[in-house]
Every structure is written in structure tokens, then in C-alpha cells.
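Engineer: Pasting upload_11.txt below, which is compact mmCIF, C-alpha atoms.
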```txt
# COMPACT_ATOMS: atom_id res chain seq x y z
CA MET A 162 -3.15 -23.19 38.22
CA ALA A 163 -5.33 -20.11 38.78
CA ALA A 164 -4.86 -17.18 36.46
CA ASP A 165 -3.55 -13.93 37.86
CA GLN A 166 -6.59 -11.65 37.59
CA ALA A 167 -4.58 -8.49 37.01
CA LYS A 168 -2.48 -10.09 34.28
CA LEU A 169 -5.60 -11.58 32.70
CA GLU A 170 -7.30 -8.20 32.57
CA GLN A 171 -4.15 -6.66 31.09
CA PHE A 172 -4.04 -9.30 28.36
CA VAL A 173 -7.75 -8.94 27.56
CA GLY A 174 -7.24 -5.19 27.33
CA LYS A 175 -4.49 -5.74 24.77
CA ALA A 176 -6.74 -8.10 22.79
CA ILE A 177 -9.60 -5.59 22.81
CA GLY A 178 -7.19 -2.97 21.49
CA ASP A 179 -6.16 -5.30 18.68
CA LEU A 180 -9.82 -5.93 17.82
CA GLY A 181 -10.37 -2.21 17.56
CA ALA A 182 -7.30 -1.82 15.36
CA ALA A 183 -8.53 -4.56 13.02
CA LEU A 184 -11.91 -2.90 12.63
CA GLY A 185 -10.23 0.48 12.29
CA ALA A 186 -8.17 -0.77 9.36
CA ALA A 187 -11.36 -1.57 7.47
CA LEU A 188 -12.72 1.90 8.21
CA ILE A 189 -9.56 3.48 6.80
CA VAL A 190 -9.96 1.49 3.58
CA ILE A 191 -13.58 2.68 3.40
CA GLY A 192 -12.51 6.29 3.86
CA ASP A 193 -9.92 5.87 1.13
CA LYS A 194 -12.30 4.23 -1.36
CA LEU A 195 -15.07 6.78 -0.84
CA GLY A 196 -12.78 9.82 -0.97
CA LEU A 197 -13.74 10.90 2.55
CA TYR A 198 -10.20 11.83 3.59
CA LYS A 199 -9.52 13.75 0.38
CA ALA A 200 -12.76 15.71 0.76
CA MET A 201 -11.83 16.64 4.33
CA ALA A 202 -8.32 17.68 3.30
CA GLN A 203 -9.72 19.94 0.56
CA ALA A 204 -12.68 21.45 2.38
CA GLY A 205 -11.45 21.87 5.94
CA PRO A 206 -13.71 21.30 8.98
CA LEU A 207 -17.00 19.68 8.02
CA LEU A 208 -20.23 18.51 9.60
CA PRO A 209 -21.14 14.87 8.87
CA ALA A 210 -23.93 16.00 6.55
CA GLU A 211 -21.54 18.29 4.67
CA LEU A 212 -18.98 15.51 4.19
CA ALA A 213 -21.74 13.16 3.02
CA GLY A 214 -23.03 15.79 0.61
CA CYS A 215 -19.70 16.43 -1.09
CA THR A 216 -18.85 12.72 -1.40
CA GLY A 217 -22.25 11.35 -2.43
CA THR A 218 -22.55 9.17 0.65
CA ALA A 219 -25.17 8.60 3.37
CA GLU A 220 -24.96 10.96 6.36
CA ARG A 221 -25.87 8.25 8.88
CA TYR A 222 -22.91 6.10 7.85
CA VAL A 223 -20.55 9.06 7.55
CA ARG A 224 -21.43 10.27 11.05
CA GLU A 225 -20.58 6.89 12.60
CA TRP A 226 -17.41 6.68 10.51
CA LEU A 227 -16.29 10.11 11.68
CA ASN A 228 -16.97 9.28 15.33
CA ALA A 229 -14.95 6.07 15.09
CA GLN A 230 -12.12 7.83 13.26
CA ALA A 231 -12.03 10.61 15.82
CA ALA A 232 -11.94 8.11 18.69
CA ALA A 233 -9.03 6.33 17.01
CA GLY A 234 -7.11 9.55 16.38
CA TYR A 235 -7.32 9.49 12.59
CA VAL A 236 -9.43 12.64 12.36
CA ASN A 237 -10.07 15.46 14.84
CA TYR A 238 -13.30 16.77 16.35
CA ASP A 239 -14.05 20.36 17.34
CA ALA A 240 -16.61 20.22 20.14
CA ASN A 241 -17.42 23.91 19.74
CA THR A 242 -18.50 23.65 16.11
CA CYS A 243 -19.33 19.91 15.99
CA ARG A 244 -17.13 19.69 12.91
CA TYR A 245 -14.47 17.14 12.01
CA PHE A 246 -11.14 17.95 10.37
CA LEU A 247 -7.72 16.60 9.45
CA SER A 248 -4.49 18.00 10.82
CA GLU A 249 -1.74 18.74 8.29
CA GLU A 250 0.03 15.56 9.31
CA GLN A 251 -3.09 13.41 9.02
CA ALA A 252 -3.79 14.90 5.60
CA VAL A 253 -0.32 13.92 4.34
CA ALA A 254 -0.55 10.37 5.66
CA LEU A 255 -4.12 9.83 4.45
CA THR A 256 -4.27 11.71 1.14
CA ASP A 257 -0.83 12.49 -0.33
CA GLU A 258 0.18 9.42 -2.30
CA SER A 259 3.41 11.06 -3.41
CA SER A 260 4.66 11.09 0.18
CA PRO A 261 6.57 8.16 1.74
CA ALA A 262 4.48 8.89 4.84
CA CYS A 263 1.24 7.92 3.09
CA VAL A 264 -0.26 4.83 4.78
CA LEU A 265 -3.29 4.17 2.57
CA GLY A 266 -1.70 1.39 0.50
CA GLY A 267 -0.56 -0.40 3.63
CA PHE A 268 -4.08 -0.60 5.02
CA GLN A 269 -5.43 -1.69 1.64
CA ALA A 270 -2.81 -4.43 1.42
CA MET A 271 -3.25 -5.74 4.97
CA THR A 272 -7.05 -5.87 4.87
CA ALA A 273 -6.80 -7.66 1.52
CA ALA A 274 -4.30 -10.13 2.98
CA MET A 275 -6.80 -11.02 5.69
CA LYS A 276 -9.18 -12.30 3.02
CA ALA A 277 -6.80 -15.23 2.40
CA GLU A 278 -7.41 -16.56 5.92
CA PRO A 279 -9.45 -19.62 4.77
CA LYS A 280 -6.70 -20.64 2.33
CA ILE A 281 -3.98 -20.12 4.91
CA THR A 282 -5.93 -22.08 7.54
CA GLU A 283 -6.20 -24.95 5.07
CA GLY A 284 -2.47 -24.63 4.43
CA PHE A 285 -1.83 -25.33 8.11
CA ARG A 286 -3.71 -28.60 7.70
CA THR A 287 -2.17 -29.70 4.43
CA GLY A 288 1.24 -28.02 4.32
CA ARG A 289 0.43 -26.64 0.87
CA GLY A 290 1.67 -23.16 0.20
CA VAL A 291 -0.53 -20.18 -0.56
CA GLY A 292 0.80 -18.40 -3.63
CA TRP A 293 1.00 -14.66 -4.12
CA HIS A 294 -1.35 -15.07 -7.08
CA GLU A 295 -4.02 -16.59 -4.82
CA HIS A 296 -4.52 -13.41 -2.81
CA ASP A 297 -7.18 -10.75 -3.22
CA PRO A 298 -6.22 -8.17 -5.90
CA GLY A 299 -6.27 -5.48 -3.23
CA LEU A 300 -3.02 -6.91 -1.89
CA PHE A 301 -1.19 -6.27 -5.16
CA GLN A 302 -2.66 -2.79 -5.55
CA GLY A 303 -2.00 -1.86 -1.94
CA THR A 304 1.58 -3.09 -2.10
CA GLU A 305 2.25 -0.87 -5.12
CA ARG A 306 0.67 2.15 -3.46
CA PHE A 307 2.47 1.60 -0.16
CA PHE A 308 5.99 1.12 -1.54
CA ARG A 309 5.90 3.41 -4.60
CA PRO A 310 6.49 6.71 -2.71
CA GLY A 311 9.43 5.24 -0.79
CA TYR A 312 11.02 3.92 -3.97
CA ALA A 313 10.49 7.27 -5.69
CA ALA A 314 12.09 9.16 -2.82
CA ASN A 315 15.02 6.84 -2.12
CA LEU A 316 15.89 4.31 -4.84
CA VAL A 317 17.84 6.58 -7.18
CA LYS A 318 18.73 9.29 -4.67
CA SER A 319 20.21 7.19 -1.86
CA TRP A 320 19.83 3.40 -2.12
CA ILE A 321 21.62 2.81 -5.44
CA PRO A 322 24.43 5.31 -4.65
CA ALA A 323 25.03 3.40 -1.42
CA LEU A 324 25.97 0.26 -3.44
CA GLU A 325 29.63 0.32 -4.37
CA GLY A 326 30.16 0.75 -8.12
CA VAL A 327 26.54 0.15 -9.07
CA GLU A 328 25.53 3.70 -9.95
CA ALA A 329 28.52 4.12 -12.29
CA LYS A 330 27.55 0.96 -14.16
CA LEU A 331 23.98 2.14 -14.54
CA GLN A 332 25.05 5.54 -15.79
CA ALA A 333 27.40 3.97 -18.34
CA GLY A 334 24.76 1.51 -19.54
CA ALA A 335 23.96 -1.83 -17.94
CA ARG A 336 21.54 -4.74 -18.32
CA ILE A 337 19.32 -4.98 -15.28
CA ALA A 338 17.01 -7.81 -14.25
CA ASP A 339 14.37 -6.77 -11.72
CA VAL A 340 13.32 -10.17 -10.38
CA GLY A 341 9.98 -10.23 -8.60
CA CYS A 342 9.19 -6.79 -9.98
CA GLY A 343 5.51 -6.72 -9.06
CA HIS A 344 3.92 -3.71 -10.74
CA GLY A 345 7.31 -2.57 -12.02
CA VAL A 346 7.68 0.65 -10.03
CA SER A 347 11.40 0.20 -9.31
CA ALA A 348 12.16 -0.93 -12.87
CA ILE A 349 10.46 2.15 -14.30
CA LEU A 350 12.31 4.46 -11.90
CA MET A 351 15.65 2.97 -12.96
CA ALA A 352 14.80 3.18 -16.65
CA ARG A 353 13.95 6.86 -16.26
CA ALA A 354 17.05 7.69 -14.19
CA TYR A 355 19.57 5.74 -16.30
CA PRO A 356 18.64 6.15 -19.98
CA LYS A 357 21.70 4.23 -21.20
CA SER A 358 20.66 1.12 -19.27
CA THR A 359 18.16 -1.57 -20.18
CA VAL A 360 15.76 -2.88 -17.55
CA VAL A 361 13.71 -6.09 -17.72
CA GLY A 362 11.24 -6.86 -14.96
CA PHE A 363 10.15 -10.41 -14.21
CA ASP A 364 7.28 -11.63 -12.07
CA TYR A 365 5.39 -14.91 -12.13
CA HIS A 366 2.08 -13.08 -11.50
CA ALA A 367 0.70 -12.24 -14.96
CA PRO A 368 -1.76 -9.51 -13.83
CA SER A 369 1.12 -7.69 -12.12
CA ILE A 370 3.12 -7.79 -15.36
CA ASP A 371 0.12 -6.39 -17.23
CA ARG A 372 -0.04 -3.53 -14.74
CA ALA A 373 3.72 -2.93 -15.05
CA ARG A 374 3.47 -2.67 -18.83
CA GLN A 375 0.61 -0.21 -18.49
CA LEU A 376 2.59 1.98 -16.08
CA ALA A 377 5.67 1.90 -18.34
CA ALA A 378 3.57 2.96 -21.32
CA GLU A 379 1.99 5.79 -19.34
CA ALA A 380 5.49 6.95 -18.35
CA GLY A 381 6.61 6.92 -22.00
CA LEU A 382 9.30 4.34 -21.22
CA GLY A 383 7.87 1.30 -22.98
CA ASP A 384 10.84 1.20 -25.36
CA ARG A 385 13.49 1.08 -22.58
CA VAL A 386 11.93 -1.12 -19.94
CA GLY A 387 10.37 -4.50 -20.67
CA PHE A 388 8.40 -6.97 -18.60
CA ALA A 389 7.85 -10.70 -18.85
CA VAL A 390 6.04 -13.40 -16.88
CA ALA A 391 8.71 -15.57 -15.27
CA ALA A 392 9.57 -16.96 -11.85
CA ALA A 393 12.72 -16.21 -9.87
CA LYS A 394 13.97 -19.74 -10.46
CA ASN A 395 13.84 -19.65 -14.24
CA TYR A 396 13.69 -16.10 -15.60
CA PRO A 397 15.35 -15.92 -19.03
CA GLY A 398 18.50 -14.20 -20.21
CA ARG A 399 22.10 -14.04 -19.07
CA ASP A 400 24.98 -11.61 -18.68
CA TYR A 401 23.04 -9.18 -16.54
CA ASP A 402 25.21 -6.53 -14.95
```
Can you dump the structure from the file as C-alpha cells?
Structural biologist:
Amino acid sequence: MAADQAKLEQFVGKAIGDLGAALGAALIVIGDKLGLYKAMAQAGPLLPAELAGCTGTAERYVREWLNAQAAAGYVNYDANTCRYFLSEEQAVALTDESSPACVLGGFQAMTAAMKAEPKITEGFRTGRGVGWHEHDPGLFQGTERFFRPGYAANLVKSWIPALEGVEAKLQAGARIADVGCGHGVSAILMARAYPKSTVVGFDYHAPSIDRARQLAAEAGLGDRVGFAVAAAKNYPGRDYD
């Protein structure tokens, strides 16, 4: 059966768009790692050489990065001055890690997840699972960065109050098990908000537990929130509220 030429061209156009998006994701991670977005947000409109100078990077690479970012709509270009700049909205999404609108962690996580492709391909052949611990560390870091602002904005303010009777228990003092806690962001938020409660976070990924302990210590909450390496099927303790 002959392919419909118009439909074929439409499908290829979609695929080309997806290819561009995949490459664009890597460029966003590069801009994040090198501080290019933050420099633009702080300095305002810049020439490629100026952005390279204030970030310690090579102008040739920065110029191509800026052109690609402008074409994708992640930065803006002023044809009159030949300078590139971020809008207020772009600056929030690409530099403000306290905002739930910040997308940097998501791009870090997804590009890191792509690195597991050989293991996942082999999983198709063998049926063996690919564990969370087998992924690139960027996936764990990106997941924390992507979800942390949303948790900070919503967990205590709206999500927990929406659960019938839960907030009252936490205020009075409850034992909480945060199963699959990752880097412990939600456990730390609950420990801070409900000082009469005790929170224990469990995750089978030891490096994530190490990170959670570090964050709890930095928050000054190491005495009220604990973390342990354990899987969801066999985490210890009983009588959690």
C-alpha cells in the first residue's frame, strides 16, 4: 500500500521537531551548568562575547548556543543591537530555583534518563528490570531540583490540609514514614512545619539517603527527621500514624 505523501511529510515534520527538542534539552542543561542563563538574567541584554566573558566560556560556542536558544524561543534576540536577553518569564523558569515554574531540574533529569538507553534496550531483550540506582546521578539530582519548589509551595500549604484529619494529627504529634523519600525534601518540609511530629524517610538508594541526611543537617533538623536505607517492601518500624 502506497504511503500518503502529505501524511508522510506531516509525520516527518513531527519527527524533525522531536529531534530538535531532544537536542534542545541538552543545550538547556549546558546553559544551566555553565551559568549562562543566570548571567543573562543578572546582566540584561548581552553580545555573545560579553556573555562568554562573564562566564569564562568560549565565544564561538556561546554564539552558536545563543542562536539555537533564540530559534527555540528560550532566549530573545534584538536585531537592532545584536544582543540576546531573557524575558522576565524566561528568567523565572530558567534561573529561579525557588519557583515551581523552574524547569531546569526537569531537563537535567530527562537528559540523564536518556543515558540509561543501553540498559533499557537490554531489558527489552531479557525482561530484567532497570533499577533506579542504575541511572545516571543527574537523574536523582534533577528530580530533587524539579520537584522541590512544588513541594515547598504546596505540601504544607494545600496538599496536607486537603487530606481529612491528617493536618490535625501532624500538629498534635505523629509518627510519619516517608517511603521512597529520595533526597528527603518532603520529609524535611514536614519536620519543619510540624515540630511535634517525628519523620523517618526511607529509600533503597543509599546515595539518596546520604543526600537527605546532608540536607536535614543543613536545615538544622537532623534531630527531628531521620533517614534510613530500606525498600518499600521491608522498611522497619510499626505504628506509624
Engineer: Could you check which of A:Asp400, A:Arg372, A:Ala167, A:Pro356 is closest to Val386 in chain A, using all atoms listed in the file?
Structural biologist: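 Distance minimum relative to Val386 in chain A lands on A:Pro356.
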Engineer: Pick out the residues sitting within 12 Å of range 303-312 of chain A, and hand them over as an NGL selection string; count all atoms listed in the file, and ignore anything fewer than 2 positions along from it in its own chain.
Structural biologist: :A and (190 or 193-194 or 254-274 or 293 or 296-301 or 314-321 or 342-351 or 369 or 372-373 or 376)
Engineer: Just how far from CA of Phe363 in chain A is CA of Lys394 in chain A, in Å to one decimal?
Structural biologist: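 We find that CA of Lys394 in chain A and CA of Phe363 in chain A lie 10.8 Å from each other.
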Engineer: What is the distance, in Å and to one decimal place, between CA of Asp371 in chain A and CA of Glu295 in chain A?
Structural biologist: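 Atom-to-atom, CA of Asp371 in chain A and CA of Glu295 in chain A are spaced 16.6 Å apart.
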Engineer: Can you work out the spacing between CA of Val327 in chain A and CA of Ala367 in chain A in Å, to one decimal?
Structural biologist: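 If I compute the distance from CA of Val327 in chain A to CA of Ala367 in chain A, I get 29.3 Å.
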Engineer: Which residue is closest to Leu184 in chain A? Choose from A:Glu328, A:Arg221, A:Met201, A:Gln230 and count only C-alpha atoms.
Structural biologist: A:Gln230
Engineer: For Ala333 in chain A, which residue among A:Pro279, A:Gly381, A:Asp402, A:Leu208 is the nearest when counting all atoms listed in the file?
Structural biologist: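 Selected residue with least distance to Ala333 in chain A: A:Asp402.
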Engineer: Would you kindly place N, CA and C atoms on range 339-374 of chain A and return the model as a short mmCIF file (atom, residue, chain, number, x, y, z; two decimals), in the coordinates of the input?
Structural biologist:
```
data_model
loop_
_atom_site.label_atom_id
_atom_site.label_comp_id
_atom_site.auth_asym_id
_atom_site.auth_seq_id
_atom_site.Cartn_x
_atom_site.Cartn_y
_atom_site.Cartn_z
N ASP A 339 15.13 -7.05 -12.94
CA ASP A 339 14.37 -6.77 -11.72
C ASP A 339 13.50 -7.99 -11.46
N VAL A 340 13.97 -8.88 -10.61
CA VAL A 340 13.32 -10.17 -10.38
C VAL A 340 12.30 -10.05 -9.25
N GLY A 341 11.06 -10.44 -9.56
CA GLY A 341 9.98 -10.23 -8.60
C GLY A 341 9.56 -8.78 -8.62
N CYS A 342 9.37 -8.24 -9.81
CA CYS A 342 9.19 -6.79 -9.98
C CYS A 342 7.82 -6.28 -9.59
N GLY A 343 6.85 -7.17 -9.39
CA GLY A 343 5.51 -6.72 -9.06
C GLY A 343 4.95 -5.83 -10.15
N HIS A 344 4.50 -4.65 -9.78
CA HIS A 344 3.92 -3.71 -10.74
C HIS A 344 4.98 -2.87 -11.45
N GLY A 345 6.24 -3.17 -11.24
CA GLY A 345 7.31 -2.57 -12.02
C GLY A 345 7.73 -1.17 -11.62
N VAL A 346 7.37 -0.73 -10.43
CA VAL A 346 7.68 0.65 -10.03
C VAL A 346 9.18 0.89 -10.01
N SER A 347 9.94 -0.01 -9.40
CA SER A 347 11.40 0.20 -9.31
C SER A 347 12.05 0.11 -10.68
N ALA A 348 11.59 -0.80 -11.53
CA ALA A 348 12.16 -0.93 -12.87
C ALA A 348 11.95 0.35 -13.68
N ILE A 349 10.77 0.92 -13.57
CA ILE A 349 10.46 2.15 -14.30
C ILE A 349 11.30 3.31 -13.79
N LEU A 350 11.48 3.40 -12.47
CA LEU A 350 12.31 4.46 -11.90
C LEU A 350 13.75 4.36 -12.41
N MET A 351 14.28 3.14 -12.48
CA MET A 351 15.65 2.97 -12.96
C MET A 351 15.77 3.30 -14.44
N ALA A 352 14.77 2.89 -15.22
CA ALA A 352 14.80 3.18 -16.65
C ALA A 352 14.78 4.68 -16.90
N ARG A 353 14.02 5.41 -16.10
CA ARG A 353 13.95 6.86 -16.26
C ARG A 353 15.25 7.53 -15.83
N ALA A 354 15.85 7.05 -14.75
CA ALA A 354 17.05 7.69 -14.19
C ALA A 354 18.31 7.37 -14.97
N TYR A 355 18.35 6.18 -15.62
CA TYR A 355 19.57 5.74 -16.30
C TYR A 355 19.23 5.37 -17.75
N PRO A 356 19.12 6.39 -18.61
CA PRO A 356 18.64 6.15 -19.98
C PRO A 356 19.55 5.27 -20.84
N LYS A 357 20.81 5.09 -20.44
CA LYS A 357 21.70 4.23 -21.20
C LYS A 357 21.55 2.75 -20.82
N SER A 358 20.84 2.49 -19.76
CA SER A 358 20.66 1.12 -19.27
C SER A 358 19.36 0.51 -19.78
N THR A 359 19.34 -0.81 -19.78
CA THR A 359 18.16 -1.57 -20.18
C THR A 359 17.64 -2.35 -18.97
N VAL A 360 16.35 -2.23 -18.72
CA VAL A 360 15.76 -2.88 -17.55
C VAL A 360 14.69 -3.87 -18.01
N VAL A 361 14.75 -5.09 -17.47
CA VAL A 361 13.71 -6.09 -17.72
C VAL A 361 13.17 -6.56 -16.38
N GLY A 362 11.87 -6.41 -16.20
CA GLY A 362 11.24 -6.86 -14.96
C GLY A 362 10.57 -8.20 -15.14
N PHE A 363 10.75 -9.08 -14.16
CA PHE A 363 10.15 -10.41 -14.21
C PHE A 363 9.29 -10.64 -12.97
N ASP A 364 8.14 -11.23 -13.18
CA ASP A 364 7.28 -11.63 -12.07
C ASP A 364 6.42 -12.79 -12.56
N TYR A 365 6.19 -13.76 -11.69
CA TYR A 365 5.39 -14.91 -12.13
C TYR A 365 3.89 -14.61 -12.14
N HIS A 366 3.49 -13.45 -11.59
CA HIS A 366 2.08 -13.08 -11.50
C HIS A 366 1.71 -12.25 -12.73
N ALA A 367 1.00 -12.88 -13.68
CA ALA A 367 0.70 -12.24 -14.96
C ALA A 367 -0.06 -10.92 -14.82
N PRO A 368 -1.08 -10.81 -13.96
CA PRO A 368 -1.76 -9.51 -13.83
C PRO A 368 -0.83 -8.40 -13.37
N SER A 369 0.16 -8.72 -12.54
CA SER A 369 1.12 -7.69 -12.12
C SER A 369 1.97 -7.23 -13.30
N ILE A 370 2.35 -8.16 -14.16
CA ILE A 370 3.12 -7.79 -15.36
C ILE A 370 2.28 -6.92 -16.29
N ASP A 371 1.00 -7.23 -16.42
CA ASP A 371 0.12 -6.39 -17.23
C ASP A 371 0.07 -4.96 -16.68
N ARG A 372 -0.02 -4.84 -15.37
CA ARG A 372 -0.04 -3.53 -14.74
C ARG A 372 1.29 -2.80 -14.96
N ALA A 373 2.40 -3.54 -14.85
CA ALA A 373 3.72 -2.93 -15.05
C ALA A 373 3.86 -2.38 -16.47
N ARG A 374 3.41 -3.14 -17.43
CA ARG A 374 3.47 -2.67 -18.83
C ARG A 374 2.63 -1.41 -19.02
#
```
